[in-house]
$ cat data35.cif   # mmCIF, C-alpha atoms
data_input
#
loop_
_atom_site.label_atom_id
_atom_site.label_comp_id
_atom_site.auth_asym_id
_atom_site.auth_seq_id
_atom_site.Cartn_x
_atom_site.Cartn_y
_atom_site.Cartn_z
CA MET A 161 -6.54 15.57 13.28
CA SER A 162 -4.19 14.35 15.99
CA ASP A 163 -4.10 10.79 17.33
CA ASN A 164 -3.84 11.96 20.94
CA GLN A 165 -5.77 9.87 23.42
CA ASN A 166 -5.23 12.50 26.14
CA LEU A 167 -6.97 15.38 24.36
CA LEU A 168 -9.39 17.27 26.56
CA ALA A 169 -13.05 16.86 25.64
CA GLU A 170 -13.24 20.48 24.47
CA GLN A 171 -10.23 20.01 22.20
CA ARG A 172 -11.63 16.78 20.76
CA ARG A 173 -14.97 18.38 20.05
CA ALA A 174 -13.34 21.39 18.38
CA LEU A 175 -11.42 19.02 16.10
CA ILE A 176 -14.56 17.04 15.33
CA LEU A 177 -16.50 20.20 14.51
CA GLU A 178 -13.71 21.41 12.22
CA GLU A 179 -13.71 18.06 10.40
CA VAL A 180 -17.50 18.04 9.99
CA ARG A 181 -17.50 21.54 8.49
CA ARG A 182 -14.48 20.91 6.26
CA ARG A 183 -15.70 17.62 4.79
CA GLY A 184 -19.45 18.15 4.93
CA GLY A 185 -19.92 15.09 7.15
CA VAL A 186 -18.03 12.45 9.14
CA ARG A 187 -18.59 8.90 10.32
CA VAL A 188 -18.09 7.64 13.87
CA ASN A 189 -15.60 4.92 12.86
CA GLU A 190 -13.45 7.48 11.01
CA LEU A 191 -13.31 9.70 14.10
CA THR A 192 -12.37 6.83 16.40
CA ARG A 193 -9.36 6.07 14.22
CA LYS A 194 -8.28 9.68 13.79
CA LEU A 195 -8.65 10.59 17.46
CA ASN A 196 -7.56 7.21 18.86
CA VAL A 197 -10.53 7.07 21.23
CA SER A 198 -13.42 4.68 21.72
CA ASP A 199 -16.62 4.58 19.74
CA MET A 200 -18.52 5.54 22.92
CA THR A 201 -16.34 8.61 23.44
CA VAL A 202 -16.97 9.85 19.91
CA ARG A 203 -20.71 9.30 20.26
CA ARG A 204 -20.76 11.28 23.52
CA ASP A 205 -18.85 14.09 21.79
CA LEU A 206 -21.33 14.13 18.91
CA ASP A 207 -24.23 14.13 21.37
CA ALA A 208 -22.72 17.15 23.12
CA LEU A 209 -22.16 19.01 19.85
CA ALA A 210 -25.70 18.20 18.70
CA ARG A 211 -27.17 19.54 21.97
CA LEU A 212 -25.29 22.79 21.35
CA GLY A 213 -26.74 22.98 17.85
CA MET A 214 -23.31 22.71 16.19
CA VAL A 215 -23.83 19.47 14.25
CA GLU A 216 -26.71 17.30 13.20
CA LYS A 217 -26.43 13.63 14.04
CA VAL A 218 -27.26 11.16 11.28
CA HIS A 219 -27.06 7.39 11.16
CA GLY A 220 -23.42 6.47 11.69
CA GLY A 221 -22.04 9.99 11.98
CA ALA A 222 -22.79 13.70 11.78
CA VAL A 223 -23.25 16.50 9.23
CA PRO A 224 -23.17 20.31 9.56
CA VAL A 225 -26.24 22.06 10.89
CA ALA A 226 -28.16 23.93 8.22
CA GLU A 227 -31.71 24.62 7.14
CA ALA A 228 -33.15 21.21 6.29
CA SER A 229 -34.88 22.49 3.18
CA THR A 230 -31.80 24.08 1.61
CA TYR A 231 -28.78 22.15 2.87
CA GLU A 232 -27.11 19.99 0.23
CA PRO A 233 -24.14 17.88 1.42
CA GLY A 234 -21.34 16.99 -0.97
CA PHE A 235 -21.06 13.68 -2.79
CA GLU A 236 -18.31 12.36 -0.50
CA ALA A 237 -20.31 13.15 2.64
CA LYS A 238 -23.43 11.44 1.30
CA SER A 239 -21.58 8.44 -0.09
CA ALA A 240 -20.36 7.56 3.41
CA LEU A 241 -23.91 7.23 4.74
CA GLU A 242 -26.26 4.20 4.51
CA LEU A 243 -23.74 2.24 2.43
CA THR A 244 -25.35 -1.17 2.97
CA ALA A 245 -28.83 0.19 2.25
CA LYS A 246 -27.68 1.76 -1.03
CA GLU A 247 -26.02 -1.46 -2.14
CA ASP A 248 -29.17 -3.45 -1.31
CA ILE A 249 -31.32 -0.96 -3.23
CA ALA A 250 -28.97 -1.06 -6.23
CA ARG A 251 -29.10 -4.85 -6.42
CA ALA A 252 -32.91 -4.84 -6.17
CA ALA A 253 -33.36 -2.12 -8.82
CA ALA A 254 -30.83 -3.47 -11.34
CA PRO A 255 -33.15 -6.11 -12.93
CA MET A 256 -35.46 -3.27 -14.04
CA ALA A 257 -32.82 -2.20 -16.58
CA VAL A 258 -33.61 -4.56 -19.46
CA PRO A 259 -30.86 -5.30 -22.01
CA GLY A 260 -31.21 -3.08 -25.05
CA SER A 261 -33.32 -0.45 -23.29
CA ALA A 262 -32.81 3.30 -22.92
CA ILE A 263 -32.52 4.33 -19.29
CA ALA A 264 -31.85 7.54 -17.42
CA LEU A 265 -29.84 7.72 -14.22
CA ALA A 266 -30.21 10.99 -12.35
CA GLY A 267 -27.46 12.06 -9.97
CA GLY A 268 -26.78 10.94 -6.43
CA THR A 269 -24.95 8.30 -4.44
CA THR A 270 -27.67 5.64 -4.77
CA ALA A 271 -27.63 6.08 -8.56
CA PHE A 272 -23.85 5.72 -8.37
CA ALA A 273 -24.29 2.38 -6.56
CA LEU A 274 -26.84 1.29 -9.17
CA ALA A 275 -24.50 2.20 -12.05
CA GLN A 276 -21.95 -0.25 -10.64
CA GLN A 277 -24.58 -2.99 -10.90
CA LEU A 278 -25.45 -2.13 -14.51
CA VAL A 279 -22.07 -2.09 -16.24
CA GLU A 280 -22.50 -5.68 -17.46
CA VAL A 281 -26.07 -5.27 -18.76
CA PRO A 282 -25.73 -5.52 -22.56
CA ASP A 283 -26.69 -2.84 -25.08
CA LEU A 284 -27.95 -0.23 -22.66
CA THR A 285 -28.26 3.40 -23.67
CA VAL A 286 -27.62 5.41 -20.50
CA VAL A 287 -28.40 9.11 -20.20
CA THR A 288 -27.16 10.71 -17.00
CA ASN A 289 -26.47 14.12 -15.53
CA SER A 290 -24.07 12.63 -12.98
CA VAL A 291 -20.34 12.93 -13.56
CA ARG A 292 -19.78 10.07 -11.10
CA VAL A 293 -22.29 7.76 -12.80
CA ALA A 294 -20.83 8.40 -16.25
CA ASP A 295 -17.36 7.68 -14.92
CA VAL A 296 -18.47 4.25 -13.64
CA PHE A 297 -19.38 3.21 -17.19
CA TYR A 298 -16.36 4.88 -18.79
CA THR A 299 -13.98 3.20 -16.34
CA ALA A 300 -15.58 -0.22 -16.92
CA GLN A 301 -15.29 0.22 -20.68
CA ARG A 302 -11.63 1.24 -20.50
CA SER A 303 -10.87 -1.70 -18.26
CA ALA A 304 -12.65 -4.15 -20.58
CA ALA A 305 -10.93 -2.72 -23.66
CA GLY A 306 -7.48 -3.43 -22.21
CA ALA A 307 -4.42 -3.01 -24.38
CA GLY A 308 -6.33 -3.61 -27.61
CA GLY A 309 -8.44 -0.50 -27.13
CA ALA A 310 -11.63 -2.02 -28.58
CA PRO A 311 -14.78 -1.79 -26.42
CA ARG A 312 -16.45 -5.07 -25.48
CA ALA A 313 -19.50 -6.18 -27.43
CA GLY A 314 -22.70 -4.84 -25.90
CA ALA A 315 -20.99 -2.08 -23.91
CA ALA A 316 -23.36 0.69 -22.82
CA THR A 317 -23.74 3.85 -24.84
CA VAL A 318 -23.40 6.66 -22.31
CA VAL A 319 -24.68 10.21 -22.80
CA LEU A 320 -23.57 12.76 -20.20
CA THR A 321 -25.60 15.96 -20.21
CA GLY A 322 -23.84 19.28 -19.85
CA GLY A 323 -24.75 21.77 -17.18
CA VAL A 324 -23.65 23.46 -13.97
CA ARG A 325 -22.14 21.17 -11.36
CA THR A 326 -23.82 20.89 -7.93
CA PRO A 327 -22.16 19.85 -4.63
CA SER A 328 -23.31 16.28 -5.34
CA ASP A 329 -21.51 16.24 -8.73
CA THR A 330 -24.77 16.47 -10.67
CA LEU A 331 -25.09 18.62 -13.80
CA VAL A 332 -28.16 20.87 -13.80
CA GLY A 333 -29.50 24.04 -15.40
CA PRO A 334 -30.65 25.08 -18.89
CA VAL A 335 -28.01 23.07 -20.76
CA ALA A 336 -28.92 19.85 -18.94
CA ASP A 337 -32.65 20.58 -19.32
CA ALA A 338 -32.31 21.10 -23.08
CA ALA A 339 -30.34 17.85 -23.46
CA ILE A 340 -33.06 15.86 -21.69
CA ARG A 341 -36.18 17.59 -23.04
CA TYR A 342 -36.43 15.79 -26.40
CA LEU A 343 -35.26 12.36 -25.25
CA HIS A 344 -37.46 9.41 -24.27
CA PHE A 345 -36.47 6.81 -21.66
CA ASP A 346 -37.88 3.39 -20.96
CA VAL A 347 -36.99 3.76 -17.28
CA LEU A 348 -35.77 6.65 -15.15
CA PHE A 349 -33.90 5.72 -11.96
CA LEU A 350 -34.16 8.72 -9.69
CA GLY A 351 -32.46 9.35 -6.37
CA VAL A 352 -34.07 12.00 -4.16
CA HIS A 353 -33.20 14.26 -1.26
CA GLY A 354 -36.64 13.73 0.24
CA ILE A 355 -39.96 11.96 -0.35
CA SER A 356 -43.27 12.47 1.43
CA VAL A 357 -46.99 12.23 0.78
CA GLU A 358 -47.50 16.00 1.03
CA ALA A 359 -44.42 17.27 -0.84
CA GLY A 360 -43.82 14.35 -3.18
CA LEU A 361 -40.21 14.26 -4.42
CA SER A 362 -38.06 17.20 -3.40
CA THR A 363 -34.54 18.62 -3.48
CA PRO A 364 -32.78 21.58 -1.82
CA ASN A 365 -31.42 22.75 -5.20
CA LEU A 366 -33.81 24.80 -7.38
CA ALA A 367 -31.94 24.15 -10.63
CA GLU A 368 -31.75 20.43 -9.89
CA ALA A 369 -35.51 20.41 -9.31
CA GLU A 370 -36.15 21.71 -12.83
CA THR A 371 -33.72 19.20 -14.37
CA ASN A 372 -35.44 16.39 -12.48
CA ARG A 373 -38.81 17.60 -13.80
CA GLN A 374 -37.46 17.18 -17.31
CA PHE A 375 -36.27 13.67 -16.49
CA VAL A 376 -39.70 12.70 -15.13
CA ARG A 377 -41.52 14.13 -18.18
CA SER A 378 -39.28 12.15 -20.53
CA ALA A 379 -39.66 8.76 -18.84
CA ARG A 380 -42.24 6.07 -19.52
CA ARG A 381 -41.55 4.56 -16.10
CA VAL A 382 -40.23 6.41 -13.03
CA VAL A 383 -38.42 4.36 -10.38
CA VAL A 384 -37.33 6.19 -7.24
CA ILE A 385 -34.29 4.68 -5.52
CA ALA A 386 -34.08 6.03 -1.97
CA ASP A 387 -33.02 4.66 1.41
CA HIS A 388 -35.38 4.81 4.37
CA THR A 389 -33.89 8.04 5.76
CA LYS A 390 -35.36 9.97 2.79
CA TRP A 391 -38.95 9.19 3.75
CA GLY A 392 -40.52 12.18 5.50
CA THR A 393 -37.71 14.56 4.45
CA VAL A 394 -38.77 17.68 2.54
CA GLY A 395 -36.38 19.81 0.48
CA LEU A 396 -36.86 23.38 -0.68
CA SER A 397 -38.39 22.53 -4.06
CA SER A 398 -40.81 19.77 -5.04
CA PHE A 399 -40.43 18.47 -8.59
CA ALA A 400 -42.86 15.53 -8.80
CA SER A 401 -45.89 14.20 -6.96
CA LEU A 402 -46.20 10.61 -5.82
CA ASP A 403 -48.74 9.87 -8.53
CA GLN A 404 -45.98 10.43 -11.09
CA VAL A 405 -43.90 7.63 -9.54
CA ASP A 406 -44.32 4.03 -10.72
CA ALA A 407 -42.14 2.31 -8.12
CA LEU A 408 -40.09 3.01 -5.02
CA VAL A 409 -37.09 0.82 -4.23
CA THR A 410 -35.97 1.30 -0.65
CA ASP A 411 -34.29 -0.71 2.13
CA ALA A 412 -35.47 -2.81 5.03
CA GLY A 413 -34.95 0.07 7.48
CA LEU A 414 -38.24 1.63 6.37
CA PRO A 415 -40.77 1.32 9.24
CA GLU A 416 -43.93 -0.73 8.74
CA ARG A 417 -46.15 2.34 9.17
CA ALA A 418 -44.30 4.11 6.34
CA ARG A 419 -44.59 1.02 4.14
CA ALA A 420 -48.35 0.98 4.63
CA GLU A 421 -48.61 4.70 3.85
CA ILE A 422 -46.50 4.35 0.70
CA GLY A 423 -48.59 1.37 -0.38
CA GLU A 424 -51.65 3.62 -0.43
CA HIS A 425 -50.03 6.05 -2.88
CA LEU A 426 -47.62 4.08 -5.11
CA PRO A 427 -48.32 1.18 -7.50
CA GLU A 428 -45.18 -0.70 -6.47
CA LEU A 429 -42.98 -0.77 -3.37
CA ILE A 430 -39.84 -2.90 -3.36
CA VAL A 431 -38.08 -3.32 -0.02
CA ALA A 432 -34.56 -4.56 -0.59
CA GLY A 433 -33.70 -7.27 1.89
CA GLY A 434 -37.28 -7.54 3.13
CA ALA A 435 -40.85 -8.17 2.03
CA ALA A 436 -42.86 -5.38 0.37
#
$ encode --input "data35.cif" --output "structure tokens"
Amino acid sequence: MSDNQNLLAEQRRALILEEVRRRGGVRVNELTRKLNVSDMTVRRDLDALARLGMVEKVHGGAVPVAEASTYEPGFEAKSALELTAKEDIARAAAPMAVPGSAIALAGGTTAFALAQQLVEVPDLTVVTNSVRVADVFYTAQRSAAGAGGAPRAGAATVVLTGGVRTPSDTLVGPVADAAIRYLHFDVLFLGVHGISVEAGLSTPNLAEAETNRQFVRSARRVVVIADHTKWGTVGLSSFASLDQVDALVTDAGLPERARAEIGEHLPELIVAGGAA
């Protein structure tokens, strides 16, 4: 994209639309740097594109327009959204992973943030279907080993399921399901595409829904880690009801009305950075 402050509005918007479609999502601050225009100008351009039905505005940026129940953005697009919220959620959820326990980390950008908080927890056994999550632990272990090549004492044992890779770098399908089916986890940390009273936990990916069902069945305790934008969102396929969830860890952006509604259906609500 060109750094030309004199681009016509139509040219700017065409470039923005191309970037949104190519990358699966963009942030306002990225566009201001690339186009060398003000934050206000970019927001006006996004407003115009949204009115035309060409993009969907999200907090801090925009994503391509698609059917809400089936659209699945890529990992990079999702990782650029709600960064502070995901970090707050990860810090609040991390103490639930007790040293020496067996945990499962399902895929997603919030699970990726949580993995970064867990690399120093001793003697964990971590089962994940996320390539990105597994890489967090592998990278930490390689770094700690250094030139000697010996892993540090208490380093996590990481099991990466096989499967077919989704746009969010999650492994799903029969191979992943079979790997999970006969395992038993103390805690499952589960990111979701959407959560609501009516639909429960949902995802736009049918194969991922079945893999998540296996995760839920294999866990003694199910902890959903989801920022406030996931509340009220419904994906194509539901894979668990709210009565199968033991706790929801979310961020302070969740409205008070939603907190009260969740409190009626879940045993535990943890609001990172705020009171539950």
$ resolve_selection --input "data35.cif" --expression "the PyMOL selection byres ((chain A and resi 348-365) around 8)" --output "ChimeraX atom specification"
/A:229-232,263-271,345-347,366-369,375-376,379-386,390-402,422,425
$ atom_distance --input "data35.cif" --atom1 "CA of Val409 in chain A" --atom2 "CA of Thr299 in chain A"
26.2 Å
$ atom_distance --input "data35.cif" --atom1 "CA of Ala245 in chain A" --atom2 "CA of Pro415 in chain A"
13.9 Å
$ axis_aligned_box --input "data35.cif" --around "range 327-336 of chain A" --padding-each-side "8 Å" --output "JSON"
{"center_x": -26.1, "center_y": 20.7, "center_z": -12.7, "size_x": 25.1, "size_y": 24.8, "size_z": 32.1}
$ resolve_selection --input "data35.cif" --expression "the PyMOL selection byres ((chain A and resi 221) around 7)" --output "PyMOL selection string"
chain A and resi 186-188+217-220+222
$ closest_residue --input "data35.cif" --among "A:Pro255, A:Gly184, A:Gly260, A:Gly314" --to "Val223 in chain A" --atoms "only C-alpha atoms"
A:Gly184
